[in-house]
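Here is the structure we will look at, set down as structure tokens.
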Amino acid sequence: MIEISRIRENKEEVVDRLKVRGLDASSDIEKILELDQQWRAKKQEMDSALAEMNKISKDIGALFQQGKKAEAEEAKKKTGELKERSQTLKTEFSDLENEINTLLLNIPNIPNPAVPEGATEDDNEVIFEKGEIPSFGFNALPHWDLATKYDVIDWELGVKVTGAGFPIYKNQGARLQRGLINFFLDEAIKAGYSEYVPPFVINEDSGYGTGQLPDKEGQMYHITTDELYLIPTSEVPLVNTLRGDRVKKEDLPIKLTAYSPCFRREAGSYGKDVRGLNRLHQFDKVELVMASDQESSYDELDKMVEHVKGLLQKLELPYRILRLCGGDLGVTAAITYDFEVYSTAQERWLEISSCSNVETYQANRMKLRYKDEDGNTKLCHTLNGSALALPRVIAGILENHQDENGIKIPEALVPYVGFERIQ
RNA sequence: GGAGAAUUGGCAGAGUGGUCGAAUGCGGCAGUCUUGAAAACUGUUGUACCGCGAGGUACCGGGGGUUCGAAUCCCUCAUUCUCCGCCA
């Protein structure tokens, strides 16, 4: 949720920057400002009615204490109308407040000036490319066929137990999975992140805190008997550990990492996008989360991007980095760098990581604050990045490291998985 | 799952209907003393919102209610602790 002060102070800038997303927010912004005016006037009116009420109550108290019962009873009679009025004002006031909040919640984050304008993924900006795309002298297979050929993933078994989008990893596939998780966590710890094991279900407040609710409830699995949700990413529990906190500036940045399964309903997906490991209802991921002060968040984002680069290099995968255009940017992000690995067999790039600076958008919702040098209370900036999402990594390894009779495990990973080849 | 107790400011802890945004202690900050530090002493010290300001409003786990008036009474939810039961 963007700060209303930002709209009050820089209306034009807010509207202009949102255009980068292909969004014309001008009428919403005007509406918010208009309601904000009314809200302030109503608050003054309500406060003075309450003040009057408080004063009379005090007087009555004093009269009773002095034993002047008759006068007190007299004063009581006068409160009825005033009480009714302040109750009406309270209702009107909170109605206005709700209306403003609803509008504010619907406004996505303001893109950073570096975000290119554009509507679709074709407008994303490639800012870095590394690694050689292998050319195979044999008939290279896509990962879903390789997975079956070497018996590392069982698609049908997952369908039997649960449904489509819940594959079962077997044998060397399971060990690869486990090794990757440990590898990513160790790398994150080396980079200064604290490892957490968070809950994999969250309550409603947490959903609101990071921005999954009220908008995207359809994307989460909802446990209605207990009003809990399965996490779509461990970003949600990790960031929410800080909800409502007032942190010391010297403790920033706070860097957290966690492994978790991620659950996504992915309603509306179809076709080649969901083939094999490309899009699942349950997948494993190691996530990085950070809370920083406002001045250094972009330096921290750069460091996060460097960290992810290092991982892909150790996995010996050809990759590139995109700066997402406005139209492709998630609701909560001010800027996002996507990492994509080239899938040789599918002849397409697959998103493998996404690193975002959310600036104050989540911190404002969850009131995550720190005090700066001058003693002013400020909202933190929050950042998040995947390091990394496992299925895409496995797809990348299978497809790019295949030869005619097996798959070579990247050297850095061998100590973690305990074998050099899948065959 | 059953029974009981509890939830107050950074922490500890008092407060059972009015003068309570809330005693007291610890901690924090500023000062006195000291070459410096400690100790002692003095003062100060919650947050948010509205207002140019004076000032005002809200907040004692969350939500609702009773009352002229609620930290205090009632309802409800959550959490914590103790005992019993069950269990990896």
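Following the order of the structure tokens, chains are lettered A, B, ..., residues in each are numbered from 1, and ligands are numbered from 1.
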Select, as a list in words, those residues of chain A with any atom no more than 6 Å from chain B (distances computed using only C-alpha atoms (C1' of nucleotides)). Asp47, Ser57, Gly61 and Lys76 of chain A
Quick check for you: according to DSSP on this backbone, which residues of range 26-259 of chain A are classed as helix (DSSP H, G or I)? Reply as an MDAnalysis selection string. chainID A and resid 26:65 69:77 79:105 121:123 143:149 155:161 171:190 204:210 217:219 235:240 249:251
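Closest approach to C11 in chain B among B:C52, B:C41, B:G28, B:A23 is made by B:G28 (distances from only C-alpha atoms (C1' of nucleotides)).
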So that I can check the surroundings of Glu411 in chain A, please list as JSON, numbers by chain every protein, DNA and RNA residue that reaches within 10 Å of it, counting only C-alpha atoms (C1' of nucleotides) and ignoring chain neighbours fewer than 2 positions away. {"A": [314, 315, 316, 408, 409, 413, 414, 415, 416, 419, 420]}
Got time to write the residues from that selection, all heavy atoms, as an mmCIF file, in the first residue's frame?
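Dumped everything to again-v6.cif:
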data_model
loop_
_atom_site.group_PDB
_atom_site.id
_atom_site.type_symbol
_atom_site.label_atom_id
_atom_site.label_comp_id
_atom_site.auth_asym_id
_atom_site.auth_seq_id
_atom_site.Cartn_x
_atom_site.Cartn_y
_atom_site.Cartn_z
ATOM 1 N N LYS A 314 27.830 -21.197 -10.463
ATOM 2 C CA LYS A 314 28.270 -22.465 -9.860
ATOM 3 C C LYS A 314 27.484 -23.650 -10.424
ATOM 4 O O LYS A 314 27.970 -24.769 -10.442
ATOM 5 C CB LYS A 314 28.123 -22.410 -8.342
ATOM 6 C CG LYS A 314 29.192 -21.532 -7.707
ATOM 7 C CD LYS A 314 29.107 -21.501 -6.196
ATOM 8 C CE LYS A 314 30.151 -20.525 -5.667
ATOM 9 N NZ LYS A 314 30.036 -20.263 -4.246
ATOM 10 N N LEU A 315 26.278 -23.386 -10.869
ATOM 11 C CA LEU A 315 25.472 -24.456 -11.463
ATOM 12 C C LEU A 315 25.762 -24.615 -12.958
ATOM 13 O O LEU A 315 25.192 -25.477 -13.615
ATOM 14 C CB LEU A 315 23.980 -24.182 -11.254
ATOM 15 C CG LEU A 315 23.499 -24.226 -9.804
ATOM 16 C CD1 LEU A 315 22.047 -23.776 -9.701
ATOM 17 C CD2 LEU A 315 23.661 -25.623 -9.219
ATOM 18 N N GLU A 316 26.657 -23.748 -13.455
ATOM 19 C CA GLU A 316 27.103 -23.810 -14.859
ATOM 20 C C GLU A 316 25.934 -23.751 -15.833
ATOM 21 O O GLU A 316 25.853 -24.511 -16.784
ATOM 22 C CB GLU A 316 27.938 -25.086 -15.079
ATOM 23 C CG GLU A 316 29.173 -25.159 -14.179
ATOM 24 C CD GLU A 316 29.744 -26.568 -14.063
ATOM 25 O OE1 GLU A 316 29.713 -27.307 -15.063
ATOM 26 O OE2 GLU A 316 30.197 -26.923 -12.959
ATOM 27 N N LYS A 408 25.183 -34.786 -16.420
ATOM 28 C CA LYS A 408 26.334 -34.463 -15.570
ATOM 29 C C LYS A 408 25.892 -33.489 -14.481
ATOM 30 O O LYS A 408 25.206 -32.510 -14.744
ATOM 31 C CB LYS A 408 27.421 -33.827 -16.440
ATOM 32 C CG LYS A 408 28.649 -33.422 -15.669
ATOM 33 C CD LYS A 408 29.607 -32.656 -16.600
ATOM 34 C CE LYS A 408 30.627 -31.846 -15.798
ATOM 35 N NZ LYS A 408 30.066 -30.693 -15.112
ATOM 36 N N ILE A 409 26.277 -33.779 -13.243
ATOM 37 C CA ILE A 409 25.970 -32.889 -12.129
ATOM 38 C C ILE A 409 27.059 -31.822 -12.048
ATOM 39 O O ILE A 409 28.248 -32.147 -12.107
ATOM 40 C CB ILE A 409 25.935 -33.696 -10.805
ATOM 41 C CG1 ILE A 409 24.852 -34.780 -10.855
ATOM 42 C CG2 ILE A 409 25.721 -32.779 -9.597
ATOM 43 C CD1 ILE A 409 23.441 -34.259 -10.972
ATOM 44 N N LEU A 413 27.973 -28.962 -7.022
ATOM 45 C CA LEU A 413 26.823 -29.637 -6.426
ATOM 46 C C LEU A 413 27.143 -31.080 -6.004
ATOM 47 O O LEU A 413 26.428 -31.657 -5.184
ATOM 48 C CB LEU A 413 25.699 -29.643 -7.465
ATOM 49 C CG LEU A 413 24.265 -29.480 -6.996
ATOM 50 C CD1 LEU A 413 24.119 -28.310 -6.051
ATOM 51 C CD2 LEU A 413 23.362 -29.309 -8.217
ATOM 52 N N VAL A 414 28.216 -31.627 -6.575
ATOM 53 C CA VAL A 414 28.523 -33.045 -6.346
ATOM 54 C C VAL A 414 28.630 -33.387 -4.855
ATOM 55 O O VAL A 414 28.039 -34.372 -4.404
ATOM 56 C CB VAL A 414 29.799 -33.462 -7.126
ATOM 57 C CG1 VAL A 414 30.242 -34.873 -6.734
ATOM 58 C CG2 VAL A 414 29.535 -33.381 -8.630
ATOM 59 N N PRO A 415 29.341 -32.580 -4.058
ATOM 60 C CA PRO A 415 29.408 -32.920 -2.626
ATOM 61 C C PRO A 415 28.031 -32.907 -1.950
ATOM 62 O O PRO A 415 27.831 -33.606 -0.963
ATOM 63 C CB PRO A 415 30.275 -31.818 -2.029
ATOM 64 C CG PRO A 415 30.866 -31.069 -3.155
ATOM 65 C CD PRO A 415 30.097 -31.374 -4.392
ATOM 66 N N TYR A 416 27.126 -32.146 -2.493
ATOM 67 C CA TYR A 416 25.805 -32.049 -1.881
ATOM 68 C C TYR A 416 24.899 -33.222 -2.264
ATOM 69 O O TYR A 416 24.098 -33.669 -1.460
ATOM 70 C CB TYR A 416 25.123 -30.731 -2.274
ATOM 71 C CG TYR A 416 25.663 -29.545 -1.499
ATOM 72 C CD1 TYR A 416 26.713 -28.771 -1.997
ATOM 73 C CD2 TYR A 416 25.122 -29.205 -0.261
ATOM 74 C CE1 TYR A 416 27.205 -27.703 -1.283
ATOM 75 C CE2 TYR A 416 25.613 -28.135 0.469
ATOM 76 C CZ TYR A 416 26.658 -27.380 -0.052
ATOM 77 O OH TYR A 416 27.145 -26.330 0.659
ATOM 78 N N PHE A 419 26.671 -37.791 -5.971
ATOM 79 C CA PHE A 419 26.982 -38.533 -7.202
ATOM 80 C C PHE A 419 27.318 -37.543 -8.303
ATOM 81 O O PHE A 419 27.019 -36.354 -8.183
ATOM 82 C CB PHE A 419 25.815 -39.446 -7.627
ATOM 83 C CG PHE A 419 24.464 -38.781 -7.659
ATOM 84 C CD1 PHE A 419 24.053 -38.058 -8.772
ATOM 85 C CD2 PHE A 419 23.589 -38.877 -6.567
ATOM 86 C CE1 PHE A 419 22.811 -37.457 -8.804
ATOM 87 C CE2 PHE A 419 22.354 -38.278 -6.603
ATOM 88 C CZ PHE A 419 21.957 -37.558 -7.721
ATOM 89 N N GLU A 420 27.994 -38.048 -9.359
ATOM 90 C CA GLU A 420 28.481 -37.150 -10.412
ATOM 91 C C GLU A 420 27.614 -37.166 -11.656
ATOM 92 O O GLU A 420 27.665 -36.249 -12.470
ATOM 93 C CB GLU A 420 29.928 -37.513 -10.788
ATOM 94 C CG GLU A 420 30.887 -37.172 -9.659
ATOM 95 C CD GLU A 420 32.317 -37.589 -9.965
ATOM 96 O OE1 GLU A 420 32.573 -38.085 -11.102
ATOM 97 O OE2 GLU A 420 33.169 -37.422 -9.076
#
Can you tell me, as JSON, numbers by chain, what residues are no more than 7 Å from range 352-354 of chain A when counting only C-alpha atoms (C1' of nucleotides), ignoring any on the same chain fewer than 4 positions away? {"A": [336, 337, 338, 339, 340, 341, 385, 386, 387, 388, 389, 392, 393]}
Could you go through range 56-290 of chain A and tell me which residues DSSP, when run on the backbone, assigns to strand (DSSP E), listing them as a short mmCIF file (atom, residue, chain, number, x, y, z; two decimals) with all heavy atoms, in the first residue's frame?
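That gives us selection-v1.cif:
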data_model
loop_
_atom_site.label_atom_id
_atom_site.label_comp_id
_atom_site.auth_asym_id
_atom_site.auth_seq_id
_atom_site.Cartn_x
_atom_site.Cartn_y
_atom_site.Cartn_z
N GLU A 125 13.79 -5.56 -20.35
CA GLU A 125 15.09 -5.12 -20.82
C GLU A 125 16.14 -6.15 -20.40
O GLU A 125 16.27 -6.44 -19.22
CB GLU A 125 15.37 -3.80 -20.10
CG GLU A 125 16.28 -2.85 -20.77
CD GLU A 125 16.36 -1.58 -19.91
OE1 GLU A 125 15.32 -0.95 -19.63
OE2 GLU A 125 17.46 -1.26 -19.49
N VAL A 126 16.86 -6.71 -21.37
CA VAL A 126 17.92 -7.66 -21.02
C VAL A 126 19.14 -6.86 -20.60
O VAL A 126 19.66 -6.06 -21.37
CB VAL A 126 18.28 -8.57 -22.22
CG1 VAL A 126 19.42 -9.51 -21.85
CG2 VAL A 126 17.06 -9.36 -22.66
N ILE A 127 19.58 -7.03 -19.37
CA ILE A 127 20.70 -6.21 -18.93
C ILE A 127 21.98 -7.01 -18.73
O ILE A 127 23.03 -6.45 -18.49
CB ILE A 127 20.36 -5.45 -17.62
CG1 ILE A 127 20.03 -6.43 -16.49
CG2 ILE A 127 19.21 -4.49 -17.83
CD1 ILE A 127 20.03 -5.76 -15.14
N PHE A 128 21.89 -8.35 -18.82
CA PHE A 128 23.08 -9.17 -18.58
C PHE A 128 22.84 -10.54 -19.16
O PHE A 128 21.74 -11.08 -19.08
CB PHE A 128 23.32 -9.26 -17.06
CG PHE A 128 24.60 -9.94 -16.69
CD1 PHE A 128 25.79 -9.22 -16.62
CD2 PHE A 128 24.64 -11.29 -16.39
CE1 PHE A 128 26.98 -9.83 -16.25
CE2 PHE A 128 25.82 -11.92 -16.04
CZ PHE A 128 27.00 -11.19 -15.96
N GLU A 129 23.89 -11.11 -19.76
CA GLU A 129 23.74 -12.45 -20.30
C GLU A 129 25.06 -13.19 -20.11
O GLU A 129 26.12 -12.62 -20.31
CB GLU A 129 23.37 -12.39 -21.80
CG GLU A 129 22.78 -13.69 -22.29
CD GLU A 129 21.96 -13.51 -23.59
OE1 GLU A 129 21.47 -12.39 -23.85
OE2 GLU A 129 21.85 -14.51 -24.31
N LYS A 130 24.98 -14.44 -19.69
CA LYS A 130 26.22 -15.14 -19.36
C LYS A 130 26.06 -16.64 -19.63
O LYS A 130 25.01 -17.21 -19.39
CB LYS A 130 26.54 -14.91 -17.88
CG LYS A 130 27.72 -15.67 -17.36
CD LYS A 130 28.88 -14.73 -17.10
CE LYS A 130 30.10 -15.52 -16.65
NZ LYS A 130 31.26 -14.63 -16.47
N ILE A 153 11.75 -38.39 -11.82
CA ILE A 153 10.47 -37.77 -11.45
C ILE A 153 9.35 -38.65 -11.99
O ILE A 153 9.40 -39.08 -13.13
CB ILE A 153 10.32 -36.35 -12.05
CG1 ILE A 153 11.40 -35.42 -11.51
CG2 ILE A 153 8.93 -35.78 -11.72
CD1 ILE A 153 11.43 -34.06 -12.18
N ASP A 154 8.35 -38.90 -11.12
CA ASP A 154 7.21 -39.70 -11.54
C ASP A 154 5.97 -38.81 -11.60
O ASP A 154 5.44 -38.41 -10.57
CB ASP A 154 7.00 -40.86 -10.56
CG ASP A 154 6.08 -41.92 -11.16
OD1 ASP A 154 5.10 -41.54 -11.85
OD2 ASP A 154 6.34 -43.12 -10.93
N ILE A 168 6.20 -36.39 -8.15
CA ILE A 168 6.95 -37.08 -7.10
C ILE A 168 8.38 -37.29 -7.59
O ILE A 168 8.61 -37.86 -8.67
CB ILE A 168 6.27 -38.42 -6.74
CG1 ILE A 168 4.95 -38.13 -6.01
CG2 ILE A 168 7.20 -39.28 -5.88
CD1 ILE A 168 4.19 -39.35 -5.58
N TYR A 169 9.32 -36.77 -6.82
CA TYR A 169 10.74 -36.94 -7.14
C TYR A 169 11.20 -38.26 -6.57
O TYR A 169 10.84 -38.61 -5.45
CB TYR A 169 11.56 -35.81 -6.54
CG TYR A 169 11.15 -34.44 -7.06
CD1 TYR A 169 10.10 -33.75 -6.47
CD2 TYR A 169 11.82 -33.85 -8.13
CE1 TYR A 169 9.71 -32.51 -6.94
CE2 TYR A 169 11.44 -32.61 -8.62
CZ TYR A 169 10.38 -31.94 -8.02
OH TYR A 169 9.99 -30.73 -8.49
N SER A 194 20.37 -15.10 7.85
CA SER A 194 20.04 -16.01 8.95
C SER A 194 19.01 -17.01 8.46
O SER A 194 18.01 -16.60 7.86
CB SER A 194 19.44 -15.25 10.13
OG SER A 194 20.28 -14.21 10.50
N GLU A 195 19.25 -18.28 8.74
CA GLU A 195 18.31 -19.29 8.27
C GLU A 195 17.16 -19.47 9.26
O GLU A 195 17.38 -19.63 10.46
CB GLU A 195 19.02 -20.63 8.07
CG GLU A 195 18.07 -21.66 7.48
CD GLU A 195 18.67 -23.06 7.39
OE1 GLU A 195 19.88 -23.21 7.56
OE2 GLU A 195 17.88 -23.99 7.14
N TYR A 196 15.95 -19.42 8.74
CA TYR A 196 14.75 -19.69 9.52
C TYR A 196 14.06 -20.93 8.94
O TYR A 196 14.17 -21.19 7.75
CB TYR A 196 13.74 -18.53 9.40
CG TYR A 196 13.99 -17.32 10.29
CD1 TYR A 196 15.25 -17.05 10.82
CD2 TYR A 196 12.95 -16.43 10.56
CE1 TYR A 196 15.46 -15.92 11.62
CE2 TYR A 196 13.16 -15.31 11.35
CZ TYR A 196 14.41 -15.05 11.88
OH TYR A 196 14.61 -13.95 12.65
N VAL A 201 2.04 -22.52 6.77
CA VAL A 201 0.69 -21.94 6.66
C VAL A 201 0.70 -20.61 7.41
O VAL A 201 1.44 -20.43 8.37
CB VAL A 201 -0.41 -22.85 7.27
CG1 VAL A 201 -0.72 -24.00 6.37
CG2 VAL A 201 -0.01 -23.33 8.64
N ILE A 202 -0.12 -19.70 6.93
CA ILE A 202 -0.13 -18.35 7.51
C ILE A 202 -1.56 -17.92 7.81
O ILE A 202 -2.51 -18.44 7.22
CB ILE A 202 0.49 -17.32 6.54
CG1 ILE A 202 -0.12 -17.47 5.15
CG2 ILE A 202 1.99 -17.44 6.52
CD1 ILE A 202 -0.43 -16.19 4.47
N ASN A 203 -1.68 -16.97 8.71
CA ASN A 203 -3.00 -16.43 9.02
C ASN A 203 -3.33 -15.25 8.09
O ASN A 203 -2.50 -14.82 7.28
CB ASN A 203 -3.11 -16.05 10.50
CG ASN A 203 -2.09 -15.00 10.91
OD1 ASN A 203 -1.64 -14.19 10.10
ND2 ASN A 203 -1.70 -15.02 12.17
N HIS A 222 -6.59 -22.28 0.54
CA HIS A 222 -7.23 -21.69 1.70
C HIS A 222 -7.80 -22.80 2.58
O HIS A 222 -8.60 -23.61 2.11
CB HIS A 222 -8.35 -20.77 1.20
CG HIS A 222 -9.02 -19.98 2.28
ND1 HIS A 222 -10.13 -19.21 2.06
CD2 HIS A 222 -8.73 -19.84 3.59
CE1 HIS A 222 -10.50 -18.63 3.19
NE2 HIS A 222 -9.66 -18.99 4.14
N ILE A 223 -7.36 -22.84 3.83
CA ILE A 223 -7.91 -23.81 4.78
C ILE A 223 -9.04 -23.11 5.52
O ILE A 223 -8.81 -22.36 6.47
CB ILE A 223 -6.83 -24.28 5.77
CG1 ILE A 223 -5.63 -24.82 5.00
CG2 ILE A 223 -7.39 -25.32 6.73
CD1 ILE A 223 -4.38 -24.97 5.84
N LEU A 228 -6.76 -20.30 7.55
CA LEU A 228 -5.32 -20.24 7.30
C LEU A 228 -5.08 -20.47 5.81
O LEU A 228 -5.95 -20.99 5.10
CB LEU A 228 -4.59 -21.30 8.12
CG LEU A 228 -4.70 -21.16 9.65
CD1 LEU A 228 -4.11 -22.38 10.34
CD2 LEU A 228 -4.04 -19.88 10.14
N TYR A 229 -3.91 -20.06 5.36
CA TYR A 229 -3.56 -20.22 3.95
C TYR A 229 -2.21 -20.92 3.84
O TYR A 229 -1.29 -20.68 4.62
CB TYR A 229 -3.43 -18.85 3.28
CG TYR A 229 -4.72 -18.06 3.24
CD1 TYR A 229 -5.09 -17.26 4.31
CD2 TYR A 229 -5.55 -18.12 2.13
CE1 TYR A 229 -6.27 -16.52 4.27
CE2 TYR A 229 -6.73 -17.40 2.07
CZ TYR A 229 -7.09 -16.60 3.16
OH TYR A 229 -8.25 -15.88 3.11
N LEU A 230 -2.08 -21.80 2.82
CA LEU A 230 -0.77 -22.38 2.51
C LEU A 230 0.09 -21.30 1.87
O LEU A 230 -0.39 -20.54 1.02
CB LEU A 230 -0.94 -23.56 1.55
CG LEU A 230 -1.07 -24.95 2.18
CD1 LEU A 230 -2.22 -25.00 3.17
CD2 LEU A 230 -1.26 -26.01 1.12
N ARG A 246 9.52 -2.20 15.33
CA ARG A 246 10.24 -0.95 15.30
C ARG A 246 11.68 -1.36 15.53
O ARG A 246 12.04 -1.78 16.62
CB ARG A 246 9.72 -0.14 16.49
CG ARG A 246 10.01 1.28 16.54
CD ARG A 246 9.18 1.83 17.70
NE ARG A 246 7.84 2.14 17.23
CZ ARG A 246 7.58 3.24 16.54
NH1 ARG A 246 8.54 4.10 16.26
NH2 ARG A 246 6.36 3.49 16.15
N VAL A 247 12.48 -1.33 14.50
CA VAL A 247 13.83 -1.90 14.60
C VAL A 247 14.86 -0.79 14.73
O VAL A 247 14.60 0.36 14.36
CB VAL A 247 14.14 -2.81 13.39
CG1 VAL A 247 13.18 -3.98 13.35
CG2 VAL A 247 14.08 -2.03 12.08
N ILE A 254 18.32 -6.42 7.94
CA ILE A 254 17.98 -7.73 8.48
C ILE A 254 17.86 -8.67 7.29
O ILE A 254 17.11 -8.40 6.36
CB ILE A 254 16.66 -7.67 9.26
CG1 ILE A 254 16.82 -6.77 10.49
CG2 ILE A 254 16.21 -9.07 9.68
CD1 ILE A 254 15.51 -6.40 11.16
N LYS A 255 18.65 -9.74 7.31
CA LYS A 255 18.68 -10.65 6.15
C LYS A 255 18.25 -12.04 6.59
O LYS A 255 18.87 -12.63 7.46
CB LYS A 255 20.11 -10.69 5.58
CG LYS A 255 20.59 -9.32 5.09
CD LYS A 255 22.09 -9.28 4.89
CE LYS A 255 22.45 -9.90 3.55
NZ LYS A 255 23.93 -9.75 3.30
N LEU A 256 17.18 -12.52 5.98
CA LEU A 256 16.62 -13.82 6.36
C LEU A 256 16.55 -14.74 5.15
O LEU A 256 16.30 -14.29 4.03
CB LEU A 256 15.21 -13.65 6.93
CG LEU A 256 15.05 -12.68 8.11
CD1 LEU A 256 13.59 -12.53 8.46
CD2 LEU A 256 15.86 -13.15 9.31
N THR A 257 16.74 -16.02 5.41
CA THR A 257 16.57 -17.00 4.34
C THR A 257 15.82 -18.21 4.88
O THR A 257 15.87 -18.47 6.08
CB THR A 257 17.93 -17.45 3.75
OG1 THR A 257 17.68 -18.31 2.63
CG2 THR A 257 18.76 -18.21 4.79
N ALA A 258 15.10 -18.87 4.00
CA ALA A 258 14.39 -20.08 4.41
C ALA A 258 14.17 -20.98 3.21
O ALA A 258 13.97 -20.50 2.09
CB ALA A 258 13.04 -19.74 5.03
N TYR A 259 14.22 -22.27 3.48
CA TYR A 259 13.71 -23.22 2.51
C TYR A 259 12.24 -23.46 2.83
O TYR A 259 11.86 -23.52 4.00
CB TYR A 259 14.45 -24.56 2.61
CG TYR A 259 13.56 -25.72 2.21
CD1 TYR A 259 13.26 -25.92 0.86
CD2 TYR A 259 12.96 -26.52 3.15
CE1 TYR A 259 12.38 -26.92 0.50
CE2 TYR A 259 12.08 -27.53 2.79
CZ TYR A 259 11.80 -27.73 1.46
OH TYR A 259 10.93 -28.70 1.10
N SER A 260 11.42 -23.57 1.83
CA SER A 260 10.04 -24.03 2.06
C SER A 260 9.45 -24.58 0.78
O SER A 260 9.87 -24.21 -0.31
CB SER A 260 9.15 -22.88 2.55
OG SER A 260 8.61 -22.17 1.45
N PRO A 261 8.49 -25.47 0.94
CA PRO A 261 7.66 -25.76 -0.23
C PRO A 261 6.76 -24.55 -0.47
O PRO A 261 6.45 -23.81 0.46
CB PRO A 261 6.86 -26.98 0.19
CG PRO A 261 6.87 -26.98 1.68
CD PRO A 261 8.09 -26.22 2.12
N CYS A 262 6.36 -24.33 -1.71
CA CYS A 262 5.49 -23.22 -2.05
C CYS A 262 4.25 -23.81 -2.72
O CYS A 262 4.37 -24.70 -3.56
CB CYS A 262 6.18 -22.27 -3.03
SG CYS A 262 7.73 -21.62 -2.38
N PHE A 263 3.10 -23.29 -2.33
CA PHE A 263 1.84 -23.84 -2.84
C PHE A 263 1.10 -22.78 -3.64
O PHE A 263 0.83 -21.70 -3.12
CB PHE A 263 0.97 -24.32 -1.68
CG PHE A 263 1.65 -25.34 -0.82
CD1 PHE A 263 2.38 -24.95 0.31
CD2 PHE A 263 1.60 -26.68 -1.14
CE1 PHE A 263 3.01 -25.90 1.10
CE2 PHE A 263 2.24 -27.64 -0.35
CZ PHE A 263 2.94 -27.24 0.77
N GLN A 282 2.88 -27.32 -6.30
CA GLN A 282 3.78 -27.37 -5.14
C GLN A 282 5.20 -27.47 -5.64
O GLN A 282 5.52 -28.32 -6.47
CB GLN A 282 3.47 -28.59 -4.25
CG GLN A 282 4.41 -28.67 -3.06
CD GLN A 282 4.22 -29.94 -2.22
OE1 GLN A 282 3.11 -30.41 -2.06
NE2 GLN A 282 5.33 -30.47 -1.72
N PHE A 283 6.04 -26.57 -5.17
CA PHE A 283 7.46 -26.66 -5.53
C PHE A 283 8.31 -26.14 -4.38
O PHE A 283 7.81 -25.48 -3.48
CB PHE A 283 7.74 -25.86 -6.81
CG PHE A 283 7.50 -24.38 -6.69
CD1 PHE A 283 8.56 -23.52 -6.39
CD2 PHE A 283 6.25 -23.84 -6.88
CE1 PHE A 283 8.35 -22.14 -6.28
CE2 PHE A 283 6.03 -22.46 -6.76
CZ PHE A 283 7.08 -21.62 -6.47
N ASP A 284 9.58 -26.47 -4.43
CA ASP A 284 10.49 -26.09 -3.35
C ASP A 284 11.29 -24.86 -3.76
O ASP A 284 11.61 -24.66 -4.94
CB ASP A 284 11.44 -27.24 -3.04
CG ASP A 284 10.71 -28.40 -2.42
OD1 ASP A 284 10.09 -28.19 -1.37
OD2 ASP A 284 10.74 -29.51 -2.99
N LYS A 285 11.59 -24.05 -2.77
CA LYS A 285 12.32 -22.82 -3.07
C LYS A 285 13.10 -22.40 -1.84
O LYS A 285 12.66 -22.56 -0.70
CB LYS A 285 11.32 -21.72 -3.46
CG LYS A 285 11.96 -20.38 -3.78
CD LYS A 285 11.06 -19.56 -4.72
CE LYS A 285 9.74 -19.14 -4.07
NZ LYS A 285 9.90 -18.10 -3.07
N VAL A 286 14.27 -21.83 -2.08
CA VAL A 286 15.00 -21.14 -1.02
C VAL A 286 14.85 -19.65 -1.31
O VAL A 286 15.12 -19.20 -2.42
CB VAL A 286 16.49 -21.55 -0.98
CG1 VAL A 286 17.27 -20.66 -0.03
CG2 VAL A 286 16.61 -23.01 -0.56
N GLU A 287 14.38 -18.95 -0.31
CA GLU A 287 14.03 -17.55 -0.50
C GLU A 287 14.97 -16.65 0.31
O GLU A 287 15.41 -17.01 1.40
CB GLU A 287 12.57 -17.34 -0.03
CG GLU A 287 12.04 -15.94 -0.16
CD GLU A 287 11.66 -15.57 -1.59
OE1 GLU A 287 11.81 -16.40 -2.51
OE2 GLU A 287 11.22 -14.42 -1.79
N LEU A 288 15.23 -15.47 -0.24
CA LEU A 288 15.98 -14.45 0.49
C LEU A 288 15.05 -13.29 0.77
O LEU A 288 14.31 -12.85 -0.12
CB LEU A 288 17.16 -13.93 -0.35
CG LEU A 288 18.13 -14.95 -0.90
CD1 LEU A 288 19.18 -14.25 -1.77
CD2 LEU A 288 18.82 -15.72 0.21
N VAL A 289 15.11 -12.78 1.99
CA VAL A 289 14.28 -11.64 2.35
C VAL A 289 15.13 -10.65 3.12
O VAL A 289 16.02 -11.03 3.87
CB VAL A 289 13.08 -12.13 3.21
CG1 VAL A 289 12.58 -11.03 4.14
CG2 VAL A 289 11.95 -12.60 2.33
N MET A 290 14.87 -9.37 2.90
CA MET A 290 15.67 -8.37 3.56
C MET A 290 14.82 -7.18 3.96
O MET A 290 13.88 -6.82 3.26
CB MET A 290 16.75 -7.90 2.58
CG MET A 290 18.01 -7.48 3.28
SD MET A 290 19.21 -6.78 2.18
CE MET A 290 19.49 -8.02 0.98
#
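Between CA of Leu398 in chain A and CA of Pro167 in chain A there is a distance of 15.8 Å.
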Report, in Å with one decimal, the straight-line distance from CA of His401 in chain A to CA of Lys190 in chain A.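 CA of Lys190 in chain A lies 26.4 Å from CA of His401 in chain A.
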Provide the CA of Val20 in chain A to CA of Pro108 in chain A distance in Å, to one decimal place. 11.5 Å
Range 5-18 of chain A environment, 10 Å, only C-alpha atoms (C1' of nucleotides), sequence neighbours closer than 2 positions dropped, as a list in words: Ile2, Glu3, Val20, Arg21, Gly22, Leu23, Asp24, Ala25, Ser26, Ser27, Asp28, Ile29, Glu30, Ile32, Leu33, Asp36, Leu104, Ile107, Pro108, Asn109, Ile110, Pro111, Asn112, Pro113, Val115, Glu117, Gly326 and Gly327 of chain A
Give me, as JSON, numbers by chain, all polymer residues having an atom no more than 12 Å from G27 in chain B, counting only C-alpha atoms (C1' of nucleotides) and skipping those fewer than 2 positions away in the same chain. {"B": [10, 11, 12, 25, 29, 45]}
